[in-house]
Amino acid sequence: MHNPHYSSLGNRLTAPVITRLMKQALENPDLVSLAAGFTDTPSLPVEAVQKTAQKLLDDPSKTEVLQYGTNAGRPGLRKALADRLTRSDHREAPYDAEEVLITNGSQQALFLALSTLCDPGDIVLVESPTYFVFLENARALGLEVRSLPDTDDPEQLFQQTVTLLEDLQAKGTMARVKAVYLVSYFSNPSSASRSEAEKEALAKALANCHCHPPIIEDAAYRDLYYQKPWPARSILSLEAFASFPCLYLGTTTKPFATGLKIGSLHCPHQEWREKILHLKGNEDFGTANFTQAIVEEVLSTGAYDGQVEKLRSLYRKKAEILHQALIDEGLRHEGWRWEGPKGGLYLWLEAPSGFDASPESPFFQKAVDEGVLFVPGSLCMASDHRKHNTVRLSFGSTSPENLEVGARRFAKAWRQMA
Ligand SMILES: Cc1ncc(COP(=O)(O)O)c(C=O)c1O
């Protein structure tokens, strides 16, 4: 058989490293995976989805839920998500539901957004560390990824971002900066959140250097706070971003049901939003109408809020179990550093400097041999800023017992290296 002549995109595609890691986990049922970014399966909202599906299907006036929907998504769902964001951002003036589009997870929104903005060779600015699937997307699209300064001090963030932009300016590549990507609430992978002052420092640094690229704020974990919401408003409500095209990504997958795959984007910039919508039209002409209808209904009945409330306390407990198990294993005494998260699904660990936890390292192999899998933190960093002594541990899908087993195996692998 002849091989197809692939597009430049087709030629760039290779299996993501994470796929190999996941395959390893699946091939070995005894392996405890602290790598998968999955949510907790036993607590998925089976009853709420069952009841809602039945209710929709029992009502003859609602048969349309099994019909194609519109490209932009169900108006009721768009309105419900716009209203939720209005409340989260403590706004008096409500967000306009017209600016919200429903997508097949926020992942689709991300890919559509990048595809409408970037050509191969263009530059995107990301935090370090960042969501590794974004890095894979950027690679597939042939983009150059540059890291924003790794600091949470607004003044330093401002100064160092200006230095980065001046460097791009000096090299004549500033015009190629096509997007800035932020994961600013209980981030994957670091669990860190951005204050308004940090976001504003970034906006000011860009504006100072006459650089106004689109800003993409990914808020996938915003609802998964453990005790209280992160107080910072989104970029859509911050005056410092008024002159930037802004895109805010939300999802109902992590806080409700990953398998329904309902995400959303909020884009006040009409032209950009329309382009994203046209591309979505080419791709799928609308997200599954039935799963949208289910999410729309559970948002209105309160079942969604009940579920997310339950998940908040579940993930708080799981985070605590893993955190404590690592402390009990003595990792803190041996120079490992990490923060107990306040939301999200991850623990971000830094080993003593100089230690190598990359996918090719003896430590990674030793951990697999001991029966535990983790995401090497270097996979979450662009090539200009790789810290090989970092590790992402996820606790979303792993049972409490296995979190303790996983922590023990992880520490055992470490002790054998030290
Ligand atoms: C930071 C971040 N953004 C976006 C996504 C995509 O999520 P979904 O497509 O389920 O909304 C994920 C999934 O893990 C994520 O961690």
# chains A, B, ... in the order shown; residues from 1 in each chain; ligands from 1

call {"tool": "residues_near_ligand", "arguments": {"ligand": "ligand 1", "cutoff": "10 Å", "atoms": "only C-alpha atoms and all ligand atoms", "output": "number ranges by chain"}}
result
A: 36-39, 103-110, 130-134, 182-189, 217-221, 249-255, 257-264, 344-346

call {"tool": "residues_around", "arguments": {"residues": "A:His266", "least_positions_apart": "5", "cutoff": "9 Å", "atoms": "only C-alpha atoms", "output": "number ranges by chain"}}
result
A: 82, 97-102, 236, 246-250, 273

call {"tool": "write_last_selection", "arguments": {"atoms": "N, CA and C atoms", "output": "CSV table (one decimal), in the first residue's frame"}}
result
chain,number,residue,atom,x,y,z
A,82,ALA,N,-22.8,31.8,31.2
A,82,ALA,CA,-22.5,33.2,31.3
A,82,ALA,C,-22.9,33.7,32.7
A,97,ALA,N,-24.5,36.1,27.0
A,97,ALA,CA,-24.5,34.7,26.6
A,97,ALA,C,-24.1,34.6,25.2
A,98,GLU,N,-24.3,35.6,24.4
A,98,GLU,CA,-23.9,35.6,22.9
A,98,GLU,C,-22.4,35.3,22.8
A,99,GLU,N,-21.7,35.7,23.8
A,99,GLU,CA,-20.2,35.6,23.7
A,99,GLU,C,-19.7,34.3,24.2
A,100,VAL,N,-20.6,33.4,24.6
A,100,VAL,CA,-20.2,32.1,25.1
A,100,VAL,C,-20.5,31.0,24.0
A,101,LEU,N,-19.6,30.1,23.8
A,101,LEU,CA,-19.8,29.0,22.8
A,101,LEU,C,-19.5,27.7,23.6
A,102,ILE,N,-20.3,26.7,23.3
A,102,ILE,CA,-20.2,25.4,23.9
A,102,ILE,C,-19.3,24.6,23.1
A,236,LEU,N,-11.4,38.6,31.9
A,236,LEU,CA,-12.5,39.3,31.2
A,236,LEU,C,-13.0,40.5,32.0
A,246,CYS,N,-9.4,38.8,24.5
A,246,CYS,CA,-9.4,37.8,25.6
A,246,CYS,C,-10.3,36.6,25.3
A,247,LEU,N,-9.8,35.5,25.8
A,247,LEU,CA,-10.6,34.3,25.7
A,247,LEU,C,-10.5,33.6,27.0
A,248,TYR,N,-11.7,33.2,27.6
A,248,TYR,CA,-11.8,32.5,28.8
A,248,TYR,C,-12.3,31.1,28.6
A,249,LEU,N,-11.6,30.1,29.1
A,249,LEU,CA,-12.1,28.7,28.9
A,249,LEU,C,-12.6,28.1,30.2
A,250,GLY,N,-13.8,27.5,30.1
A,250,GLY,CA,-14.3,26.9,31.3
A,250,GLY,C,-14.7,25.4,30.9
A,273,ARG,N,-14.3,35.4,17.8
A,273,ARG,CA,-15.2,34.4,18.2
A,273,ARG,C,-15.9,33.7,17.0

call {"tool": "select_by_dssp", "arguments": {"residues": "stretch 126-188 of chain A", "states": "helix (DSSP H, G or I)", "output": "list in words"}}
result
Phe132, Val133, Phe134, Leu135, Glu136, Asn137, Ala138, Arg139, Ala140, Pro154, Glu155, Gln156, Leu157, Phe158, Gln159, Gln160, Thr161, Val162, Thr163, Leu164, Leu165, Glu166, Asp167, Leu168, Gln169, Ala170, Met174, Ala175 and Arg176 of chain A

call {"tool": "residues_around", "arguments": {"residues": "A:Leu125", "least_positions_apart": "6", "cutoff": "10 Å", "atoms": "only C-alpha atoms", "output": "list of chain:residue names"}}
result
A:Glu144, A:Val145, A:Arg146, A:Ser147, A:Leu148, A:Pro149, A:Val177, A:Lys178, A:Ala179, A:Val180, A:Tyr181, A:Leu182, A:Pro213, A:Ile215, A:Ala382

call {"tool": "select_by_dssp", "arguments": {"residues": "stretch 131-254 of chain A", "states": "strand (DSSP E)", "output": "MDAnalysis selection string"}}
result
chainID A and resid 144:147 177:183 215:218 246:251

call {"tool": "closest_residue", "arguments": {"among": "A:Leu224, A:Ala175, A:Ala93, A:Ala113", "to": "A:Ser237", "atoms": "only C-alpha atoms"}}
result
A:Ala93

call {"tool": "atom_distance", "arguments": {"atom1": "atom CA of A:Gln365", "atom2": "atom CA of A:Glu404"}}
result
19.8 Å

call {"tool": "closest_residue", "arguments": {"among": "A:Ile235, A:Leu379, A:Ala192, A:Leu85", "to": "A:Pro16", "atoms": "only C-alpha atoms"}}
result
A:Leu379

call {"tool": "residues_around", "arguments": {"residues": "A:Cys209", "least_positions_apart": "2", "cutoff": "12 Å", "atoms": "only C-alpha atoms", "output": "list of chain:residue names"}}
result
A:Phe158, A:Gln159, A:Thr161, A:Val162, A:Thr163, A:Leu164, A:Leu165, A:Glu166, A:Asp167, A:Leu168, A:Gln169, A:Ala170, A:Met174, A:Ala175, A:Leu202, A:Ala203, A:Lys204, A:Ala205, A:Leu206, A:Ala207, A:Cys211, A:His212, A:Pro213

call {"tool": "write_last_selection", "arguments": {"atoms": "N, CA and C atoms", "output": "short mmCIF file (atom, residue, chain, number, x, y, z; two decimals), in the first residue's frame"}}
result
data_model
loop_
_atom_site.label_atom_id
_atom_site.label_comp_id
_atom_site.auth_asym_id
_atom_site.auth_seq_id
_atom_site.Cartn_x
_atom_site.Cartn_y
_atom_site.Cartn_z
N PHE A 158 6.53 41.62 36.19
CA PHE A 158 6.49 42.74 35.25
C PHE A 158 7.88 42.94 34.62
N GLN A 159 8.89 43.08 35.52
CA GLN A 159 10.25 43.39 35.02
C GLN A 159 10.76 42.29 34.10
N THR A 161 9.10 40.00 32.49
CA THR A 161 8.34 39.86 31.24
C THR A 161 8.79 40.94 30.24
N VAL A 162 9.03 42.14 30.76
CA VAL A 162 9.53 43.21 29.89
C VAL A 162 10.87 42.77 29.28
N THR A 163 11.74 42.17 30.10
CA THR A 163 13.04 41.71 29.59
C THR A 163 12.85 40.67 28.48
N LEU A 164 11.92 39.74 28.73
CA LEU A 164 11.65 38.70 27.72
C LEU A 164 11.16 39.34 26.41
N LEU A 165 10.25 40.31 26.54
CA LEU A 165 9.68 40.93 25.34
C LEU A 165 10.74 41.77 24.62
N GLU A 166 11.59 42.43 25.40
CA GLU A 166 12.65 43.23 24.77
C GLU A 166 13.60 42.33 23.99
N ASP A 167 13.82 41.14 24.55
CA ASP A 167 14.68 40.17 23.86
C ASP A 167 14.04 39.76 22.52
N LEU A 168 12.72 39.51 22.57
CA LEU A 168 12.02 39.14 21.33
C LEU A 168 12.06 40.30 20.34
N GLN A 169 11.90 41.50 20.89
CA GLN A 169 11.94 42.70 20.04
C GLN A 169 13.29 42.82 19.36
N ALA A 170 14.35 42.62 20.17
CA ALA A 170 15.71 42.75 19.63
C ALA A 170 15.97 41.72 18.54
N MET A 174 9.05 39.74 17.83
CA MET A 174 7.88 40.11 18.66
C MET A 174 6.57 39.97 17.87
N ALA A 175 6.60 40.32 16.60
CA ALA A 175 5.36 40.27 15.80
C ALA A 175 4.85 38.84 15.66
N LEU A 202 1.34 41.25 34.22
CA LEU A 202 1.59 40.66 32.90
C LEU A 202 1.01 41.54 31.80
N ALA A 203 -0.24 41.97 32.01
CA ALA A 203 -0.90 42.82 31.01
C ALA A 203 -0.12 44.13 30.83
N LYS A 204 0.34 44.68 31.96
CA LYS A 204 1.06 45.96 31.88
C LYS A 204 2.38 45.79 31.15
N ALA A 205 3.07 44.67 31.43
CA ALA A 205 4.36 44.44 30.76
C ALA A 205 4.15 44.33 29.24
N LEU A 206 3.12 43.62 28.85
CA LEU A 206 2.84 43.46 27.41
C LEU A 206 2.49 44.82 26.79
N ALA A 207 1.59 45.53 27.46
CA ALA A 207 1.15 46.83 26.92
C ALA A 207 2.34 47.79 26.85
N CYS A 211 2.85 45.24 22.86
CA CYS A 211 2.57 43.87 22.39
C CYS A 211 1.16 43.53 22.90
N HIS A 212 0.23 43.31 21.97
CA HIS A 212 -1.16 43.05 22.38
C HIS A 212 -1.70 41.74 21.81
N PRO A 213 -1.05 40.63 22.12
CA PRO A 213 -1.53 39.36 21.57
C PRO A 213 -2.80 38.93 22.29
#

call {"tool": "closest_residue", "arguments": {"among": "A:Val298, A:Leu135, A:Leu331, A:Ala413", "to": "A:Asp369", "atoms": "only C-alpha atoms"}}
result
A:Ala413

call {"tool": "atom_distance", "arguments": {"atom1": "atom CA of A:Gly343", "atom2": "atom CA of A:Ala35"}}
result
17.4 Å

call {"tool": "closest_residue", "arguments": {"among": "A:Pro154, A:Ala293, A:Asp223, A:His210", "to": "A:Glu196", "atoms": "only C-alpha atoms"}}
result
A:Pro154

call {"tool": "closest_residue", "arguments": {"among": "A:Gln292, A:Gln324, A:Ser43, A:Gln160", "to": "A:Gln67", "atoms": "only C-alpha atoms"}}
result
A:Gln292

call {"tool": "closest_residue", "arguments": {"among": "A:Ser383, A:Ala201, A:Phe290, A:Val391", "to": "A:Leu57", "atoms": "only C-alpha atoms"}}
result
A:Phe290

call {"tool": "residues_around", "arguments": {"residues": "A:Arg409", "least_positions_apart": "4", "cutoff": "8 Å", "atoms": "only C-alpha atoms", "output": "list in words"}}
result
Ala367, Glu370, Gly371, Val372, Val405 and Ala413 of chain A

call {"tool": "write_last_selection", "arguments": {"atoms": "N, CA and C atoms", "output": "compact mmCIF listing (two decimals), in the first residue's frame"}}
result
# COMPACT_ATOMS: atom_id res chain seq x y z
N ALA A 367 11.02 4.08 39.60
CA ALA A 367 9.65 4.24 40.11
C ALA A 367 8.71 3.26 39.41
N GLU A 370 9.25 -0.08 40.75
CA GLU A 370 8.64 -0.20 42.09
C GLU A 370 7.13 -0.24 42.02
N GLY A 371 6.58 0.14 40.85
CA GLY A 371 5.12 0.05 40.67
C GLY A 371 4.38 1.36 40.89
N VAL A 372 5.03 2.46 40.53
CA VAL A 372 4.31 3.74 40.63
C VAL A 372 4.67 4.61 39.41
N VAL A 405 -0.11 3.73 49.02
CA VAL A 405 0.81 2.75 48.42
C VAL A 405 1.73 3.47 47.42
N ALA A 413 11.58 4.34 45.66
CA ALA A 413 12.39 4.56 44.45
C ALA A 413 13.40 5.68 44.70

call {"tool": "atom_distance", "arguments": {"atom1": "atom CA of A:Ser193", "atom2": "atom CA of A:Ala325"}}
result
24.0 Å

call {"tool": "residues_around", "arguments": {"residues": "A:Arg12", "least_positions_apart": "5", "cutoff": "9 Å", "atoms": "only C-alpha atoms", "output": "MDAnalysis selection string"}}
result
chainID A and resid 7 139:142

call {"tool": "decode", "arguments": {"residues": "stretch 174-196 of chain A", "atoms": "N, CA and C atoms", "output": "CSV table (one decimal), in the first residue's frame"}}
result
chain,number,residue,atom,x,y,z
A,174,MET,N,9.0,39.7,17.8
A,174,MET,CA,7.9,40.1,18.7
A,174,MET,C,6.6,40.0,17.9
A,175,ALA,N,6.6,40.3,16.6
A,175,ALA,CA,5.4,40.3,15.8
A,175,ALA,C,4.8,38.8,15.7
A,176,ARG,N,5.7,37.9,15.9
A,176,ARG,CA,5.3,36.5,15.8
A,176,ARG,C,4.6,36.0,17.1
A,177,VAL,N,4.6,36.8,18.1
A,177,VAL,CA,3.9,36.4,19.4
A,177,VAL,C,2.4,36.4,19.1
A,178,LYS,N,1.7,35.3,19.1
A,178,LYS,CA,0.3,35.2,18.7
A,178,LYS,C,-0.6,34.9,19.8
A,179,ALA,N,-0.1,34.5,20.9
A,179,ALA,CA,-1.0,34.2,22.1
A,179,ALA,C,-0.2,34.1,23.4
A,180,VAL,N,-0.9,34.4,24.4
A,180,VAL,CA,-0.4,34.1,25.8
A,180,VAL,C,-1.3,33.2,26.4
A,181,TYR,N,-0.8,32.1,27.1
A,181,TYR,CA,-1.7,31.1,27.6
A,181,TYR,C,-1.5,31.0,29.2
A,182,LEU,N,-2.5,31.2,29.9
A,182,LEU,CA,-2.4,31.2,31.4
A,182,LEU,C,-3.4,30.1,31.9
A,183,VAL,N,-2.9,29.3,32.9
A,183,VAL,CA,-3.8,28.4,33.6
A,183,VAL,C,-3.8,29.0,35.1
A,184,SER,N,-4.8,29.8,35.3
A,184,SER,CA,-4.6,30.7,36.5
A,184,SER,C,-5.4,30.3,37.7
A,185,TYR,N,-6.1,29.2,37.7
A,185,TYR,CA,-6.8,28.7,38.9
A,185,TYR,C,-6.5,27.3,39.2
A,186,PHE,N,-5.8,27.0,40.3
A,186,PHE,CA,-5.5,25.7,40.8
A,186,PHE,C,-4.9,24.9,39.6
A,187,SER,N,-3.8,25.4,39.0
A,187,SER,CA,-3.3,25.0,37.7
A,187,SER,C,-3.0,23.5,37.6
A,188,ASN,N,-3.1,23.0,36.5
A,188,ASN,CA,-2.5,21.7,36.1
A,188,ASN,C,-1.2,22.2,35.4
A,189,PRO,N,-0.1,21.9,35.9
A,189,PRO,CA,0.2,20.9,36.9
A,189,PRO,C,0.5,21.5,38.3
A,190,SER,N,0.7,22.8,38.5
A,190,SER,CA,1.3,23.2,39.7
A,190,SER,C,0.3,23.5,40.9
A,191,SER,N,-1.0,23.4,40.6
A,191,SER,CA,-2.0,23.8,41.6
A,191,SER,C,-2.0,25.2,42.0
A,192,ALA,N,-1.1,26.0,41.4
A,192,ALA,CA,-1.0,27.4,41.8
A,192,ALA,C,-2.1,28.2,41.1
A,193,SER,N,-2.4,29.3,41.8
A,193,SER,CA,-3.4,30.3,41.2
A,193,SER,C,-2.7,31.6,41.1
A,194,ARG,N,-3.3,32.4,40.2
A,194,ARG,CA,-2.7,33.8,40.0
A,194,ARG,C,-3.6,34.8,40.6
A,195,SER,N,-2.9,35.8,41.3
A,195,SER,CA,-3.6,36.9,41.9
A,195,SER,C,-4.0,37.9,40.8
A,196,GLU,N,-4.9,38.8,41.1
A,196,GLU,CA,-5.2,39.9,40.1
A,196,GLU,C,-3.9,40.7,39.8
